[in-house]
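J.: My questions will all concern the structure given below.
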Amino acid sequence: MKLRSLFFGTLCMLMLGASFTSCSDDDDDSKRNDEGSKVELSQNRVFILNEGSYQKNNATITFYDPDGKASVIDDIFFKQNNAKLGDTGQNMIKYNDNIYVAMYGSKYICRLNEACVEQARYSFTDEQGQPRYMAADDGKLYVTLSSGNVARLDATTLNFEKMVAVGNNPEYIIEEDGKLYILNSGYGYDNRLSIIDTKTFDEAENVEVFPNPEQILEAGDKIFIQGYGAPYPDYTYPVAIYDKTNKTYKEIGKGTLMAAYNDIVYVIYSETDFNTNTSNHTLYSYNAKTDEKKDVSFLQMPDGLKTSIIRMLSINPENGDFYVGTTDYATNGDVYRFKKDGTFIGKFECGVSPKNAVYID
């Protein structure tokens with residue numbers, strides 16, 4: 001009886017151990033969607049989409065290891081896929097362990113895994129238009145198109161499903177509480193925010209805001225919009241809060257770039273002299289929960305950044321690190337990295353005109 005009890009006791013311990021091992025494997029955050037990768041990448045990754053020069057076919061994606069364990073790879077897409085990314089990198093987002101890239105000039109979007117290996121692609125027709133910006137939710141990918149439409153695609157297969165008309169030249173798009181919010185710039189001659197219910201996805205409601213809006217984001221259950229404020233060359237660069245209930249907006253300052261982290265919106269307003277390719281920058285932040293604006297710089301800018309043209313402001317949602325990209329629109333730019341308290345960490349070289357970033361942590 002004692003031997004039998006010992007046998008069953010040992011068997012139970014082995015089964016219990018196997019159970020713990022299985023749970024550990026299931027919860028292993030170190031696994032990455034890296035199938036087909038030609039290079040071994042670090043666990044934590046930052047990918048920078050470099051816009052390139054229009055019609056030069058020189059858009060790229062730069063790989064950067066924030067932990068400093070791996071070298072920068074200047075064109076990870078080419079290295080992994082043996083093909084150029086294409087013309088004019090417009091937008092890049094992360095969704096469900098995948099990376100999605102919108103290529104304006106080349107008129108396609110693609111789905112990449114977490115190592116930038118291409119998994120699927122959809123090319124838009126001339127009638128559908130060129131892709132601008134993307135949002136994803138509930139297995140669907142939503143894409144604004146230069147034709148004045150928003151397209152819905154299956155996020156896995158990238159099969160095209162449907163289009164809904166919005167305004168003239170739609171730009172940024174976000175999903176919030178089952179609704180899509182889209183800004184229509186109209187190249188300076190549209191001033192509408194389009195709203196689409198994702199459940200029906202059949203018709204857009206249009207609300208007037210200021211002329212030539214471009215960027216939109218959510219913070220602290222508030223919606224912030226930024227744009228040019230007028231047709232070229234009379235830009236005023238307003239930043240405003242949109243009231244979803246009353247369908248009105250109020251301006252809080254000027255801005256050319258904005259990003260959000262932990263209910264705080266960070267804004268850069270740049271005045272640029274394109275004859276000398278130099279800029280002057282004003283930085284401030286706005287707490288979306290307390291409605292408090294702080295007119296102080298949130299970054300300790302090194303001298304090399306203070307007069308550079310800033311093309312990208314991005315924040316790692318996991319740790320609050322800032323990534324600021326510079327450009328002269330012709331040669332490789334730099335990305336400056338800061339801690340969430342604004343302390344400068346360092347910089348690295350990217351491709352032409354770093355536009356936006358995704359973070360794999």
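Following the order of the structure tokens, chains are lettered A, B, ..., residues in each are numbered from 1, and ligands are numbered from 1.
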Kindly provide the residues of range 94-154 of chain A that approach range 164-171 of chain A to within 8 Å, each paired with its closest atom pair and their distance in Å to one decimal, based on only C-alpha atoms, listed by chain and increasing number, as CSV.

T.:
```
residue,atom,partner,partner_atom,distance
A:Arg132,CA,A:Glu171,CA,6.1
A:Tyr133,CA,A:Glu171,CA,6.1
A:Thr144,CA,A:Pro170,CA,5.8
A:Leu145,CA,A:Pro170,CA,6.5
A:Ser146,CA,A:Asn169,CA,5.0
A:Ser147,CA,A:Asn169,CA,6.6
A:Gly148,CA,A:Asn168,CA,5.0
A:Asn149,CA,A:Ala165,CA,4.3
A:Val150,CA,A:Val164,CA,5.3
A:Ala151,CA,A:Val164,CA,6.6
```

J.: Can you pull out the residues contacting range 93-103 of chain A? Cut-off 7 Å, using only C-alpha atoms, and skip same-chain residues under 3 positions away; I want them as a list of chain:residue names.

T.: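 Answer for this query is A:Asn33, A:Asp87, A:Thr88, A:Gly89, A:Gln90, A:Ser106, A:Lys107, A:Tyr108, A:Ile109, A:Cys110, A:Arg111, A:Leu112, A:Asn113, A:Glu114, A:Pro131, A:Arg132, A:Tyr133, A:Ala136, A:Val358.
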
J.: Could you list, as an MDAnalysis selection string, every residue within 12 Å of Lys347 in chain A, counting only C-alpha atoms and ignoring same-chain residues fewer than 5 positions away?

T.: chainID A and resid 64:66 68 72 301:302 304:305 322:326 333:338

J.: Tell me, as a list in words, which residues lie within 7 Å of Arg192 in chain A, counting only C-alpha atoms; anything in the same chain fewer than 4 positions away does not count.

T.: Leu183, Asn184, Asn206, Val207, Glu208 and Val209 of chain A

J.: Kindly give the distance, in Å, that separates CA of Lys222 in chain A and CA of Glu175 in chain A, rounded to a single decimal.

T.: 12.5 Å

J.: Could you list, as JSON, numbers by chain, every residue within 7 Å of Ala219 in chain A, counting only C-alpha atoms and ignoring same-chain residues fewer than 4 positions away?

T.: {"A": [223, 260, 263, 264, 265, 288]}

J.: Go ahead and write the residues just picked, C-alpha atoms, as a PDB file, in the first residue's frame.

T.:
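Full text of out-v2.pdb as output:
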```pdb
ATOM      1  CA  ILE A 223     -10.836  64.083 -28.649  1.00  0.00           C
ATOM      2  CA  ALA A 260      -0.638  61.523 -26.099  1.00  0.00           C
ATOM      3  CA  ASP A 263      -4.131  61.328 -20.496  1.00  0.00           C
ATOM      4  CA  ILE A 264      -1.660  64.093 -21.338  1.00  0.00           C
ATOM      5  CA  VAL A 265      -1.373  65.575 -24.819  1.00  0.00           C
ATOM      6  CA  ALA A 288      -7.014  65.989 -20.561  1.00  0.00           C
TER       7      ALA A 288
END
```

J.: Quick check for you: according to DSSP on this backbone, which residues of range 178-296 of chain A are classed as strand (DSSP E or B)? Reply as a VMD selection string.

T.: chain A and resid 179 to 184 192 to 197 204 to 208 213 to 219 222 to 227 238 to 243 248 to 254 257 to 261 264 to 273 278 to 287 292 to 294

J.: How many Å separate CA of Gln55 in chain A from CA of Gly86 in chain A?

T.: 8.9 Å

J.: Ranking A:Ile182, A:Ala120, A:Leu41, A:Val46 by minimum distance to Lys69 in chain A and counting only C-alpha atoms, which one comes first?

T.: A:Leu41

J.: Grab the CA of Tyr228 in chain A to CA of Arg311 in chain A distance for me, in Å with one decimal place.

T.: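 Taking CA of Tyr228 in chain A as the start and CA of Arg311 in chain A as the end point, the length is 15.1 Å.
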
J.: Could you pull the residues within 7 Å of Leu158 in chain A, counting only C-alpha atoms, minus those fewer than 3 positions along the same chain, as a list in words?

T.: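 Close residues of Leu158 in chain A: Ala120, Arg121, Tyr122, Leu153, Asp154 and Ala155 of chain A.
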
J.: Suppose we keep all heavy atoms; can you now write the selection as a short mmCIF file (atom, residue, chain, number, x, y, z; two decimals), in the first residue's frame?

T.:
```
data_model
loop_
_atom_site.label_atom_id
_atom_site.label_comp_id
_atom_site.auth_asym_id
_atom_site.auth_seq_id
_atom_site.Cartn_x
_atom_site.Cartn_y
_atom_site.Cartn_z
N ALA A 120 0.71 39.80 -45.90
CA ALA A 120 -0.41 40.03 -46.82
C ALA A 120 -0.33 41.45 -47.35
O ALA A 120 0.31 42.32 -46.75
CB ALA A 120 -1.74 39.80 -46.11
N ARG A 121 -1.00 41.66 -48.50
CA ARG A 121 -0.97 42.99 -49.14
C ARG A 121 -2.28 43.22 -49.89
O ARG A 121 -2.88 42.29 -50.43
CB ARG A 121 0.21 43.09 -50.10
CG ARG A 121 0.28 44.41 -50.86
CD ARG A 121 1.45 44.45 -51.83
NE ARG A 121 2.74 44.45 -51.14
CZ ARG A 121 3.86 45.00 -51.61
NH1 ARG A 121 3.82 45.61 -52.80
NH2 ARG A 121 4.98 44.94 -50.95
N TYR A 122 -2.71 44.49 -49.88
CA TYR A 122 -3.85 44.87 -50.72
C TYR A 122 -3.47 46.14 -51.48
O TYR A 122 -3.06 47.14 -50.89
CB TYR A 122 -5.10 45.14 -49.88
CG TYR A 122 -6.29 45.53 -50.75
CD1 TYR A 122 -7.04 44.55 -51.40
CD2 TYR A 122 -6.63 46.87 -50.94
CE1 TYR A 122 -8.11 44.91 -52.21
CE2 TYR A 122 -7.71 47.22 -51.74
CZ TYR A 122 -8.44 46.25 -52.38
OH TYR A 122 -9.49 46.59 -53.20
N LEU A 153 -11.36 46.77 -44.40
CA LEU A 153 -10.75 45.53 -44.85
C LEU A 153 -10.68 44.56 -43.69
O LEU A 153 -10.65 44.96 -42.52
CB LEU A 153 -9.34 45.75 -45.41
CG LEU A 153 -9.21 46.56 -46.71
CD1 LEU A 153 -9.17 48.05 -46.43
CD2 LEU A 153 -7.95 46.14 -47.46
N ASP A 154 -10.63 43.28 -44.00
CA ASP A 154 -10.38 42.27 -42.98
C ASP A 154 -8.93 42.41 -42.52
O ASP A 154 -8.01 42.43 -43.34
CB ASP A 154 -10.62 40.87 -43.55
CG ASP A 154 -10.43 39.79 -42.51
OD1 ASP A 154 -9.26 39.43 -42.25
OD2 ASP A 154 -11.43 39.32 -41.95
N ALA A 155 -8.72 42.54 -41.21
CA ALA A 155 -7.38 42.84 -40.70
C ALA A 155 -6.40 41.69 -40.89
O ALA A 155 -5.20 41.90 -40.90
CB ALA A 155 -7.46 43.21 -39.22
#
```

J.: Find the residue from A:Asn91, A:Asn81, A:Lys294, A:Leu257 that sits nearest to Phe47 in chain A; use only C-alpha atoms when measuring.

T.: A:Asn91

J.: Would you kindly return, as a list in words, each protein, DNA or RNA residue with an atom no farther than 7 Å from any atom of range 266-279 of chain A, considering only C-alpha atoms and excluding same-chain residues fewer than 2 positions away?

T.: Lys254, Gly255, Thr256, Leu257, Met258, Ala259, Ala260, Ile264, His281, Thr282, Leu283, Tyr284, Ser285, Tyr286, Thr307, Ser308, Ile309 and Asp328 of chain A
